[in-house]
Amino acid sequence: MGNPNIAIRSISDIHKEIKDLEAMWSRFVFEKREPQRMRNLVYQSWKRCQTLGVNPRQKQTSIVLTDDQLVDWVKQSHLYQISLPILRDLAREIDGTQHLITLCDNKGRIIHLQGERKILQKAERMNFVQGSDWSEAAAGTNAIGTCLETKQPIQIFSYEHFCEGCHPWVCSAAPIEDPLTGQLLGVVDLTGPSDVAQPHSLGIAVMTAKTIEKRFRRVSLEMRHHLQAHFIQAVEKSKNGPILLLDETLQVVAATSTAFSLLQMEDRRDFWTLSDMNQLKSTLLSLTDAQTEAFLPARQLTVSIEPIVWNHTRVGFLLHLHNNKTQHRSLTPPANHWSGIIGESKALKNIISKSQIVAPTNVPVLITGESGTGKERFARAIHRASPRHRAPFVAINCGAVPKELIASELFGYDAGTFTGGNPKGKTGKFEEADGGTLFLDEIGEMPLDLQVFLLRVLQEKEIVRLGASKPVPVDVRIIAATNQNLDKLVKEGRFRSDLFYRLNVVQLALPPLRERGDDVLVLCGHFIEKFAKKHGKQVVGADDAVLSFLREYHWPGNIRELENAIEHAVLFADRERIQLSDLPNHMFTLVNRSKSPLEQEEKKLLYQLYQETNGNLSEIARRCKIARTTLYRKMKKYNLL
């Protein structure tokens, strides 16, 4: 009988096979009759699709991941980093075969897609694109989804696909498992037009999956060895001081006996069940700096956090515990506290100069500006440049915490205050930041009835926990931030004027990116270098068309949007210089909203010709039958130069 996972035995009678399968599919779908000679794996999949209510006349599957979600997945995925060079080697080997190479996660979502442009364009008709869902529940019987369901390699040919939109295709998929745990990590798939089907494409998919698994095992073992070596070196250097080793998922891999003793912990798995750990976890999850500190007030411990990097990727952390009751050497703050703020524009330099003047003082600072302009980055720089740099920097987003929880987050609560609350009570952000800086982001979102309590803390320099009567003294510097017009909120009665004047001693109004001139190009170069190094990509710059587009783009999301856009472009670039096609699609949608349909079509045509001719303007002008000067003007108009 041969291998039941393979659909194609011979290419000599391929068209007859398609006709036979079409007849069986039609009988099953329209006449509700059992198919004859159908492979059992395919038949069982068709039955599952019926049960799930999948529409057999469906032409497309759904796109379920946004560009930002794709970038987040890729950033966090060892599978992607390990698979990418293997898949690119395979792409060179099968170039010209009309097959697309696909990497999917363990839910059937396409993460990486590579192949000939004309085949990619044809596959777009059924939404065979990055971010689309190819599970059986979404797309019916197909190699990716059925491979995930059966956890075995499979080839699905033409009308074996349950959904009509996939009938012109053949796909061969193999599962990728973690060799150490057996966990299903994802699927590698080869997809092409059904008339170029080959029996051996499934074997290639299986071989590729096994190669990835082998590399994944080696990398996992090397990474664990790297973590252990880092830990041993740190323990020897500290003479068995209190140190914990965490992996990338924040699980404790190892800990010294002195750490167990200091934390009064019996098992390393108990670490995150200890009280007073929420701030530490939050710091680790949001860490962007090379090193930082967190404070555990209930235990009077300072935790020096040292990220462990391997192959340009953060793979874990070393936590050095310091007992605040004894003398210890803290981390030395960076010599240039403003080095993380990139730009050369006069507007930016004026804000940095003002920040440097206010940093050594204790006066409150109000940072205003649109979302994504870098308000928290300025707040952290001011903290590091202040006399409080050895104490904690604690941040809270007033707009992200439910109204009923803000008071307990800021001021904490005593034991027994809330049903279902921590039986030992909870330390609030003011106490966590004692001696340091409290950053109140989105202060304009703070409920009006809570603003009076915040004002009282600023005046009296003490807080009262919810459910308690005894005040607790706190020494905290306040830096607040907002993207709203607080003056307007005060006039509308939605923000207390006395609190506004208390916070607004010094105001830093951060300019939006679109008002910072060529800073967008400086930041672009910085982010390309950063993410090329982080993801191990050979990307050194961006095409002139990209730079022109970035310079003219409105940047509603400011620096945050630019950073995400460049990381997306670096991740998906297949050349040394970023192309327009590497940028997130939504950016072009935003630009196109301001253009007429005729302009949009003209831009689309010019971009297509630019790609086809490798930027040969003379050839584009000849094809369009217009003067080169006219073409140049149009290319500039559409940010293609």
# chains A, B, ... in the order shown; residues from 1 in each chain; ligands from 1
$ residues_around --residues "Glu515 in chain A" --least-positions-apart "4" --cutoff "12 Å" --atoms "only C-alpha atoms" --output "MDAnalysis selection string"
chainID A and resid 343 345:348 369:370 373 510:511 519:520 551:556 558:559
$ residues_around --residues "Leu190 in chain A" --least-positions-apart "3" --cutoff "7 Å" --atoms "only C-alpha atoms" --output "compact mmCIF listing (two decimals) with N, CA and C atoms, in the first residue's frame"
# COMPACT_ATOMS: atom_id res chain seq x y z
N HIS A 99 7.29 26.08 -5.34
CA HIS A 99 6.80 25.75 -4.00
C HIS A 99 7.13 26.86 -3.01
N LEU A 100 6.21 27.10 -2.09
CA LEU A 100 6.39 28.05 -1.00
C LEU A 100 6.81 27.29 0.25
N ILE A 101 7.69 27.89 1.02
CA ILE A 101 8.14 27.30 2.28
C ILE A 101 7.48 28.06 3.42
N THR A 102 6.89 27.32 4.34
CA THR A 102 6.11 27.94 5.40
C THR A 102 6.52 27.39 6.76
N CYS A 171 -0.05 20.47 -0.65
CA CYS A 171 0.78 20.90 0.48
C CYS A 171 1.28 19.68 1.25
N SER A 172 2.50 19.80 1.74
CA SER A 172 3.15 18.71 2.48
C SER A 172 3.72 19.28 3.77
N ALA A 173 3.29 18.76 4.92
CA ALA A 173 3.68 19.34 6.20
C ALA A 173 4.19 18.28 7.16
N SER A 201 8.03 15.75 -1.95
CA SER A 201 7.95 17.01 -1.20
C SER A 201 7.66 16.76 0.28
N ALA A 205 9.87 17.95 3.58
CA ALA A 205 9.31 18.60 4.77
C ALA A 205 9.72 17.87 6.04
$ select_by_dssp --residues "range 23-145 of chain A" --states "strand (DSSP E or B)" --output "list in words"
Ile63, Leu100, Ile101, Thr102, Leu103, Cys104, Asp105, Arg109, Ile110, Ile111, His112, Leu113, Gln114, Ser132 and Asp133 of chain A
$ write_last_selection --atoms "all heavy atoms" --output "compact mmCIF listing (two decimals), in the first residue's frame"
# COMPACT_ATOMS: atom_id res chain seq x y z
N ILE A 63 -7.20 35.90 8.64
CA ILE A 63 -5.93 36.44 9.12
C ILE A 63 -6.15 36.84 10.58
O ILE A 63 -6.99 37.69 10.88
CB ILE A 63 -5.48 37.65 8.28
CG1 ILE A 63 -5.25 37.21 6.83
CG2 ILE A 63 -4.21 38.26 8.85
CD1 ILE A 63 -4.92 38.35 5.88
N LEU A 100 6.21 27.10 -2.09
CA LEU A 100 6.39 28.05 -1.00
C LEU A 100 6.81 27.29 0.25
O LEU A 100 6.33 26.17 0.50
CB LEU A 100 5.09 28.80 -0.71
CG LEU A 100 4.44 29.53 -1.90
CD1 LEU A 100 3.12 30.15 -1.46
CD2 LEU A 100 5.38 30.59 -2.46
N ILE A 101 7.69 27.89 1.02
CA ILE A 101 8.14 27.30 2.28
C ILE A 101 7.48 28.06 3.42
O ILE A 101 7.52 29.30 3.46
CB ILE A 101 9.67 27.36 2.42
CG1 ILE A 101 10.32 26.59 1.29
CG2 ILE A 101 10.11 26.81 3.77
CD1 ILE A 101 11.81 26.80 1.22
N THR A 102 6.89 27.32 4.34
CA THR A 102 6.11 27.94 5.40
C THR A 102 6.52 27.39 6.76
O THR A 102 6.74 26.19 6.91
CB THR A 102 4.61 27.64 5.20
OG1 THR A 102 4.24 27.99 3.88
CG2 THR A 102 3.76 28.41 6.19
N LEU A 103 6.61 28.30 7.74
CA LEU A 103 6.77 27.90 9.14
C LEU A 103 5.54 28.38 9.89
O LEU A 103 5.18 29.56 9.82
CB LEU A 103 8.03 28.51 9.76
CG LEU A 103 8.25 28.22 11.26
CD1 LEU A 103 8.57 26.73 11.46
CD2 LEU A 103 9.36 29.09 11.83
N CYS A 104 4.89 27.47 10.61
CA CYS A 104 3.70 27.81 11.39
C CYS A 104 3.94 27.52 12.87
O CYS A 104 4.77 26.66 13.21
CB CYS A 104 2.49 27.00 10.93
SG CYS A 104 2.08 27.27 9.20
N ASP A 105 3.20 28.21 13.73
CA ASP A 105 3.29 27.90 15.16
C ASP A 105 2.41 26.69 15.46
O ASP A 105 1.82 26.08 14.56
CB ASP A 105 2.94 29.12 16.01
CG ASP A 105 1.46 29.52 15.89
OD1 ASP A 105 0.69 28.79 15.23
OD2 ASP A 105 1.08 30.56 16.47
N ARG A 109 -0.82 28.98 12.72
CA ARG A 109 -0.73 30.34 12.17
C ARG A 109 0.60 30.51 11.44
O ARG A 109 1.65 30.16 11.97
CB ARG A 109 -0.86 31.36 13.30
CG ARG A 109 -2.18 31.22 14.04
CD ARG A 109 -2.28 32.11 15.25
NE ARG A 109 -1.26 31.81 16.25
CZ ARG A 109 -1.26 32.29 17.49
NH1 ARG A 109 -2.24 33.10 17.88
NH2 ARG A 109 -0.30 32.00 18.34
N ILE A 110 0.55 31.05 10.23
CA ILE A 110 1.76 31.20 9.42
C ILE A 110 2.63 32.31 9.99
O ILE A 110 2.20 33.46 10.11
CB ILE A 110 1.42 31.50 7.95
CG1 ILE A 110 0.71 30.29 7.32
CG2 ILE A 110 2.69 31.82 7.16
CD1 ILE A 110 0.35 30.50 5.85
N ILE A 111 3.87 31.97 10.33
CA ILE A 111 4.81 32.92 10.90
C ILE A 111 5.84 33.36 9.87
O ILE A 111 6.25 34.50 9.83
CB ILE A 111 5.51 32.31 12.13
CG1 ILE A 111 4.47 31.84 13.16
CG2 ILE A 111 6.47 33.31 12.76
CD1 ILE A 111 3.51 32.91 13.62
N HIS A 112 6.27 32.42 9.04
CA HIS A 112 7.27 32.73 8.01
C HIS A 112 6.80 32.13 6.69
O HIS A 112 6.33 30.99 6.64
CB HIS A 112 8.63 32.14 8.40
CG HIS A 112 9.69 32.31 7.34
ND1 HIS A 112 10.30 33.51 7.09
CD2 HIS A 112 10.21 31.43 6.45
CE1 HIS A 112 11.17 33.37 6.11
NE2 HIS A 112 11.14 32.11 5.70
N LEU A 113 6.94 32.91 5.61
CA LEU A 113 6.51 32.45 4.30
C LEU A 113 7.51 32.96 3.27
O LEU A 113 7.86 34.14 3.27
CB LEU A 113 5.11 32.99 3.99
CG LEU A 113 4.48 32.60 2.66
CD1 LEU A 113 4.30 31.09 2.55
CD2 LEU A 113 3.13 33.30 2.49
N GLN A 114 7.98 32.06 2.41
CA GLN A 114 9.03 32.43 1.46
C GLN A 114 8.81 31.68 0.16
O GLN A 114 8.41 30.51 0.15
CB GLN A 114 10.39 32.07 2.06
CG GLN A 114 11.59 32.58 1.30
CD GLN A 114 12.88 32.35 2.06
OE1 GLN A 114 12.87 31.87 3.20
NE2 GLN A 114 14.00 32.68 1.45
N SER A 132 -2.04 34.31 8.93
CA SER A 132 -3.30 33.62 8.67
C SER A 132 -3.37 32.30 9.43
O SER A 132 -2.36 31.71 9.79
CB SER A 132 -3.48 33.38 7.17
OG SER A 132 -2.40 32.63 6.64
N ASP A 133 -4.61 31.85 9.65
CA ASP A 133 -4.88 30.66 10.47
C ASP A 133 -5.18 29.47 9.57
O ASP A 133 -6.18 29.46 8.84
CB ASP A 133 -6.08 30.97 11.38
CG ASP A 133 -6.40 29.82 12.34
OD1 ASP A 133 -5.75 28.76 12.25
OD2 ASP A 133 -7.30 29.99 13.18
$ atom_distance --atom1 "CA of Leu486 in chain A" --atom2 "CA of Asp498 in chain A"
11.9 Å
$ residues_around --residues "Asp195 in chain A" --least-positions-apart "6" --cutoff "10 Å" --atoms "only C-alpha atoms" --output "MDAnalysis selection string"
chainID A and resid 11 14:15 18 157:158 168:170
$ write_last_selection --atoms "N, CA and C atoms" --output "PDB file, in the first residue's frame"
ATOM      1  N   ILE A  11       3.525  11.095 -10.921  1.00  0.00           N
ATOM      2  CA  ILE A  11       3.058  12.328 -11.556  1.00  0.00           C
ATOM      3  C   ILE A  11       2.517  12.073 -12.965  1.00  0.00           C
ATOM      4  N   ILE A  14      -1.508  12.465 -12.919  1.00  0.00           N
ATOM      5  CA  ILE A  14      -1.895  13.449 -11.920  1.00  0.00           C
ATOM      6  C   ILE A  14      -3.253  14.089 -12.225  1.00  0.00           C
ATOM      7  N   HIS A  15      -3.544  14.327 -13.518  1.00  0.00           N
ATOM      8  CA  HIS A  15      -4.808  14.976 -13.870  1.00  0.00           C
ATOM      9  C   HIS A  15      -5.991  14.028 -13.689  1.00  0.00           C
ATOM     10  N   ILE A  18      -6.780  14.055 -10.028  1.00  0.00           N
ATOM     11  CA  ILE A  18      -7.536  15.246  -9.634  1.00  0.00           C
ATOM     12  C   ILE A  18      -9.023  15.058  -9.946  1.00  0.00           C
ATOM     13  N   PHE A 157      -3.545  16.757  -1.270  1.00  0.00           N
ATOM     14  CA  PHE A 157      -3.470  17.059  -2.697  1.00  0.00           C
ATOM     15  C   PHE A 157      -4.828  17.489  -3.249  1.00  0.00           C
ATOM     16  N   SER A 158      -4.876  18.647  -3.884  1.00  0.00           N
ATOM     17  CA  SER A 158      -6.021  19.116  -4.661  1.00  0.00           C
ATOM     18  C   SER A 158      -7.346  18.963  -3.903  1.00  0.00           C
ATOM     19  N   PRO A 168      -6.742  24.095  -5.894  1.00  0.00           N
ATOM     20  CA  PRO A 168      -5.654  24.170  -6.891  1.00  0.00           C
ATOM     21  C   PRO A 168      -4.263  23.917  -6.299  1.00  0.00           C
ATOM     22  N   TRP A 169      -4.188  23.458  -5.062  1.00  0.00           N
ATOM     23  CA  TRP A 169      -2.893  23.396  -4.384  1.00  0.00           C
ATOM     24  C   TRP A 169      -2.582  22.001  -3.848  1.00  0.00           C
ATOM     25  N   VAL A 170      -1.289  21.757  -3.662  1.00  0.00           N
ATOM     26  CA  VAL A 170      -0.811  20.570  -2.946  1.00  0.00           C
ATOM     27  C   VAL A 170       0.102  21.058  -1.831  1.00  0.00           C
TER      28      VAL A 170
END
$ closest_residue --among "A:Lys75, A:Arg88, A:Arg390, A:His161" --to "Ala294 in chain A" --atoms "only C-alpha atoms"
A:Arg390
$ select_by_dssp --residues "range 439-617 of chain A" --states "helix (DSSP H, G or I)" --output "ChimeraX atom specification"
/A:443-445,448-460,486-491,497-503,513-515,519-535,544-552,558-572,580-582,585-592,597-612,617
$ residues_around --residues "range 401-413 of chain A" --least-positions-apart "4" --cutoff "8 Å" --atoms "only C-alpha atoms" --output "PDB file with all heavy atoms, in the first residue's frame"
ATOM      1  N   ASN A 397       0.667  52.815  35.425  1.00  0.00           N
ATOM      2  CA  ASN A 397      -0.152  53.441  34.385  1.00  0.00           C
ATOM      3  C   ASN A 397      -1.550  53.631  34.948  1.00  0.00           C
ATOM      4  O   ASN A 397      -2.308  52.677  35.113  1.00  0.00           O
ATOM      5  CB  ASN A 397      -0.186  52.572  33.128  1.00  0.00           C
ATOM      6  CG  ASN A 397      -0.874  53.260  31.967  1.00  0.00           C
ATOM      7  OD1 ASN A 397      -1.857  53.972  32.131  1.00  0.00           O
ATOM      8  ND2 ASN A 397      -0.349  53.051  30.772  1.00  0.00           N
ATOM      9  N   THR A 417      -8.504  43.341  54.620  1.00  0.00           N
ATOM     10  CA  THR A 417      -9.283  44.467  54.103  1.00  0.00           C
ATOM     11  C   THR A 417     -10.277  44.017  53.037  1.00  0.00           C
ATOM     12  O   THR A 417     -11.419  44.467  53.005  1.00  0.00           O
ATOM     13  CB  THR A 417      -8.355  45.541  53.507  1.00  0.00           C
ATOM     14  OG1 THR A 417      -7.436  45.970  54.508  1.00  0.00           O
ATOM     15  CG2 THR A 417      -9.146  46.739  53.013  1.00  0.00           C
ATOM     16  N   GLY A 425      -1.954  41.229  53.395  1.00  0.00           N
ATOM     17  CA  GLY A 425      -1.962  42.618  52.997  1.00  0.00           C
ATOM     18  C   GLY A 425      -1.071  42.846  51.788  1.00  0.00           C
ATOM     19  O   GLY A 425      -0.439  41.925  51.276  1.00  0.00           O
ATOM     20  N   LYS A 426      -1.017  44.092  51.339  1.00  0.00           N
ATOM     21  CA  LYS A 426      -0.247  44.393  50.141  1.00  0.00           C
ATOM     22  C   LYS A 426       0.429  45.751  50.267  1.00  0.00           C
ATOM     23  O   LYS A 426      -0.166  46.718  50.749  1.00  0.00           O
ATOM     24  CB  LYS A 426      -1.163  44.398  48.911  1.00  0.00           C
ATOM     25  CG  LYS A 426      -0.443  44.723  47.611  1.00  0.00           C
ATOM     26  CD  LYS A 426      -1.405  44.772  46.438  1.00  0.00           C
ATOM     27  CE  LYS A 426      -0.679  45.183  45.164  1.00  0.00           C
ATOM     28  NZ  LYS A 426      -1.586  45.288  44.016  1.00  0.00           N
ATOM     29  N   THR A 427       1.680  45.809  49.815  1.00  0.00           N
ATOM     30  CA  THR A 427       2.416  47.069  49.781  1.00  0.00           C
ATOM     31  C   THR A 427       2.020  47.852  48.546  1.00  0.00           C
ATOM     32  O   THR A 427       1.964  47.314  47.445  1.00  0.00           O
ATOM     33  CB  THR A 427       3.935  46.794  49.735  1.00  0.00           C
ATOM     34  OG1 THR A 427       4.293  45.992  50.852  1.00  0.00           O
ATOM     35  CG2 THR A 427       4.721  48.099  49.780  1.00  0.00           C
ATOM     36  N   GLY A 428       1.738  49.141  48.703  1.00  0.00           N
ATOM     37  CA  GLY A 428       1.372  49.986  47.579  1.00  0.00           C
ATOM     38  C   GLY A 428       2.595  50.552  46.875  1.00  0.00           C
ATOM     39  O   GLY A 428       3.733  50.413  47.333  1.00  0.00           O
ATOM     40  N   LYS A 429       2.347  51.204  45.715  1.00  0.00           N
ATOM     41  CA  LYS A 429       3.445  51.744  44.906  1.00  0.00           C
ATOM     42  C   LYS A 429       4.225  52.830  45.639  1.00  0.00           C
ATOM     43  O   LYS A 429       5.436  52.961  45.460  1.00  0.00           O
ATOM     44  CB  LYS A 429       2.897  52.296  43.584  1.00  0.00           C
ATOM     45  CG  LYS A 429       2.198  51.279  42.704  1.00  0.00           C
ATOM     46  CD  LYS A 429       3.124  50.146  42.294  1.00  0.00           C
ATOM     47  CE  LYS A 429       2.417  49.189  41.350  1.00  0.00           C
ATOM     48  NZ  LYS A 429       3.252  48.001  41.036  1.00  0.00           N
ATOM     49  N   PHE A 430       3.536  53.629  46.485  1.00  0.00           N
ATOM     50  CA  PHE A 430       4.256  54.666  47.217  1.00  0.00           C
ATOM     51  C   PHE A 430       5.295  54.056  48.152  1.00  0.00           C
ATOM     52  O   PHE A 430       6.429  54.544  48.242  1.00  0.00           O
ATOM     53  CB  PHE A 430       3.275  55.538  48.013  1.00  0.00           C
ATOM     54  CG  PHE A 430       2.763  56.724  47.243  1.00  0.00           C
ATOM     55  CD1 PHE A 430       1.539  56.665  46.597  1.00  0.00           C
ATOM     56  CD2 PHE A 430       3.508  57.882  47.152  1.00  0.00           C
ATOM     57  CE1 PHE A 430       1.068  57.745  45.881  1.00  0.00           C
ATOM     58  CE2 PHE A 430       3.044  58.973  46.437  1.00  0.00           C
ATOM     59  CZ  PHE A 430       1.820  58.908  45.798  1.00  0.00           C
ATOM     60  N   GLU A 431       4.925  52.989  48.848  1.00  0.00           N
ATOM     61  CA  GLU A 431       5.885  52.346  49.756  1.00  0.00           C
ATOM     62  C   GLU A 431       6.998  51.650  48.972  1.00  0.00           C
ATOM     63  O   GLU A 431       8.158  51.655  49.394  1.00  0.00           O
ATOM     64  CB  GLU A 431       5.160  51.343  50.650  1.00  0.00           C
ATOM     65  CG  GLU A 431       4.303  51.988  51.728  1.00  0.00           C
ATOM     66  CD  GLU A 431       3.641  50.953  52.621  1.00  0.00           C
ATOM     67  OE1 GLU A 431       4.290  50.480  53.568  1.00  0.00           O
ATOM     68  OE2 GLU A 431       2.471  50.607  52.328  1.00  0.00           O
ATOM     69  N   MET A 446      -6.588  59.465  36.069  1.00  0.00           N
ATOM     70  CA  MET A 446      -6.868  59.174  37.481  1.00  0.00           C
ATOM     71  C   MET A 446      -8.264  59.691  37.851  1.00  0.00           C
ATOM     72  O   MET A 446      -8.601  60.844  37.576  1.00  0.00           O
ATOM     73  CB  MET A 446      -5.820  59.806  38.385  1.00  0.00           C
ATOM     74  CG  MET A 446      -6.102  59.583  39.864  1.00  0.00           C
ATOM     75  SD  MET A 446      -4.715  60.028  40.927  1.00  0.00           S
ATOM     76  CE  MET A 446      -3.651  58.611  40.668  1.00  0.00           C
ATOM     77  N   PRO A 447      -9.098  58.842  38.471  1.00  0.00           N
ATOM     78  CA  PRO A 447     -10.447  59.270  38.859  1.00  0.00           C
ATOM     79  C   PRO A 447     -10.403  60.504  39.762  1.00  0.00           C
ATOM     80  O   PRO A 447      -9.525  60.640  40.616  1.00  0.00           O
ATOM     81  CB  PRO A 447     -10.999  58.055  39.603  1.00  0.00           C
ATOM     82  CG  PRO A 447     -10.215  56.897  39.078  1.00  0.00           C
ATOM     83  CD  PRO A 447      -8.851  57.441  38.803  1.00  0.00           C
ATOM     84  N   LEU A 450     -10.148  60.186  43.564  1.00  0.00           N
ATOM     85  CA  LEU A 450      -8.873  59.724  44.129  1.00  0.00           C
ATOM     86  C   LEU A 450      -7.799  60.807  44.094  1.00  0.00           C
ATOM     87  O   LEU A 450      -6.782  60.701  44.776  1.00  0.00           O
ATOM     88  CB  LEU A 450      -8.372  58.497  43.369  1.00  0.00           C
ATOM     89  CG  LEU A 450      -9.035  57.163  43.700  1.00  0.00           C
ATOM     90  CD1 LEU A 450      -8.428  56.055  42.851  1.00  0.00           C
ATOM     91  CD2 LEU A 450      -8.873  56.824  45.170  1.00  0.00           C
ATOM     92  N   ILE A 463       1.350  58.105  53.722  1.00  0.00           N
ATOM     93  CA  ILE A 463       0.178  57.427  53.175  1.00  0.00           C
ATOM     94  C   ILE A 463      -0.486  56.620  54.281  1.00  0.00           C
ATOM     95  O   ILE A 463       0.130  56.296  55.313  1.00  0.00           O
ATOM     96  CB  ILE A 463       0.541  56.498  51.991  1.00  0.00           C
ATOM     97  CG1 ILE A 463       1.517  55.386  52.442  1.00  0.00           C
ATOM     98  CG2 ILE A 463       1.138  57.282  50.845  1.00  0.00           C
ATOM     99  CD1 ILE A 463       0.893  54.055  52.623  1.00  0.00           C
ATOM    100  N   VAL A 464      -1.743  56.291  54.046  1.00  0.00           N
ATOM    101  CA  VAL A 464      -2.471  55.400  54.945  1.00  0.00           C
ATOM    102  C   VAL A 464      -2.986  54.250  54.102  1.00  0.00           C
ATOM    103  O   VAL A 464      -3.729  54.458  53.131  1.00  0.00           O
ATOM    104  CB  VAL A 464      -3.645  56.116  55.637  1.00  0.00           C
ATOM    105  CG1 VAL A 464      -4.406  55.130  56.524  1.00  0.00           C
ATOM    106  CG2 VAL A 464      -3.150  57.299  56.453  1.00  0.00           C
ATOM    107  N   ARG A 465      -2.555  53.048  54.428  1.00  0.00           N
ATOM    108  CA  ARG A 465      -3.035  51.876  53.694  1.00  0.00           C
ATOM    109  C   ARG A 465      -4.551  51.737  53.846  1.00  0.00           C
ATOM    110  O   ARG A 465      -5.120  52.119  54.882  1.00  0.00           O
ATOM    111  CB  ARG A 465      -2.369  50.600  54.205  1.00  0.00           C
ATOM    112  CG  ARG A 465      -0.931  50.404  53.780  1.00  0.00           C
ATOM    113  CD  ARG A 465      -0.466  49.021  54.199  1.00  0.00           C
ATOM    114  NE  ARG A 465       0.883  48.714  53.742  1.00  0.00           N
ATOM    115  CZ  ARG A 465       1.428  47.505  53.816  1.00  0.00           C
ATOM    116  NH1 ARG A 465       0.736  46.504  54.331  1.00  0.00           N
ATOM    117  NH2 ARG A 465       2.648  47.289  53.381  1.00  0.00           N
ATOM    118  N   LEU A 466      -5.214  51.191  52.827  1.00  0.00           N
ATOM    119  CA  LEU A 466      -6.639  50.905  52.937  1.00  0.00           C
ATOM    120  C   LEU A 466      -6.857  49.900  54.069  1.00  0.00           C
ATOM    121  O   LEU A 466      -6.126  48.911  54.192  1.00  0.00           O
ATOM    122  CB  LEU A 466      -7.175  50.329  51.624  1.00  0.00           C
ATOM    123  CG  LEU A 466      -6.994  51.187  50.357  1.00  0.00           C
ATOM    124  CD1 LEU A 466      -7.698  50.520  49.181  1.00  0.00           C
ATOM    125  CD2 LEU A 466      -7.512  52.589  50.557  1.00  0.00           C
ATOM    126  N   GLY A 467      -7.860  50.169  54.897  1.00  0.00           N
ATOM    127  CA  GLY A 467      -8.148  49.280  56.025  1.00  0.00           C
ATOM    128  C   GLY A 467      -7.306  49.555  57.247  1.00  0.00           C
ATOM    129  O   GLY A 467      -7.434  48.858  58.256  1.00  0.00           O
ATOM    130  N   ALA A 468      -6.407  50.561  57.160  1.00  0.00           N
ATOM    131  CA  ALA A 468      -5.533  50.889  58.292  1.00  0.00           C
ATOM    132  C   ALA A 468      -5.854  52.297  58.779  1.00  0.00           C
ATOM    133  O   ALA A 468      -6.565  53.065  58.125  1.00  0.00           O
ATOM    134  CB  ALA A 468      -4.069  50.789  57.884  1.00  0.00           C
TER     135      ALA A 468
END
$ atom_distance --atom1 "CA of Thr630 in chain A" --atom2 "CA of Leu606 in chain A"
12.3 Å
$ atom_distance --atom1 "CA of Leu631 in chain A" --atom2 "CA of Leu617 in chain A"
7.6 Å
$ closest_atom_pairs --of "range 70-118 of chain A" --to "range 228-250 of chain A" --cutoff "12 Å" --atoms "only C-alpha atoms" --output "JSON lines"
{"residue": "A:Gln76", "atom": "CA", "partner": "A:Glu248", "partner_atom": "CA", "distance": 9.3}
{"residue": "A:Ser77", "atom": "CA", "partner": "A:Glu248", "partner_atom": "CA", "distance": 10.9}
{"residue": "A:His78", "atom": "CA", "partner": "A:Glu248", "partner_atom": "CA", "distance": 10.6}
$ residues_around --residues "Met38 in chain A" --least-positions-apart "5" --cutoff "9 Å" --atoms "only C-alpha atoms" --output "PDB file with C-alpha atoms, in the first residue's frame"
ATOM      1  CA  LEU A  21     -10.783  13.275  -6.148  1.00  0.00           C
ATOM      2  CA  MET A  24     -15.357  11.998  -4.378  1.00  0.00           C
ATOM      3  CA  TYR A  43     -11.587  11.001   5.435  1.00  0.00           C
ATOM      4  CA  GLU A 160      -8.415  16.272  -0.700  1.00  0.00           C
TER       5      GLU A 160
END
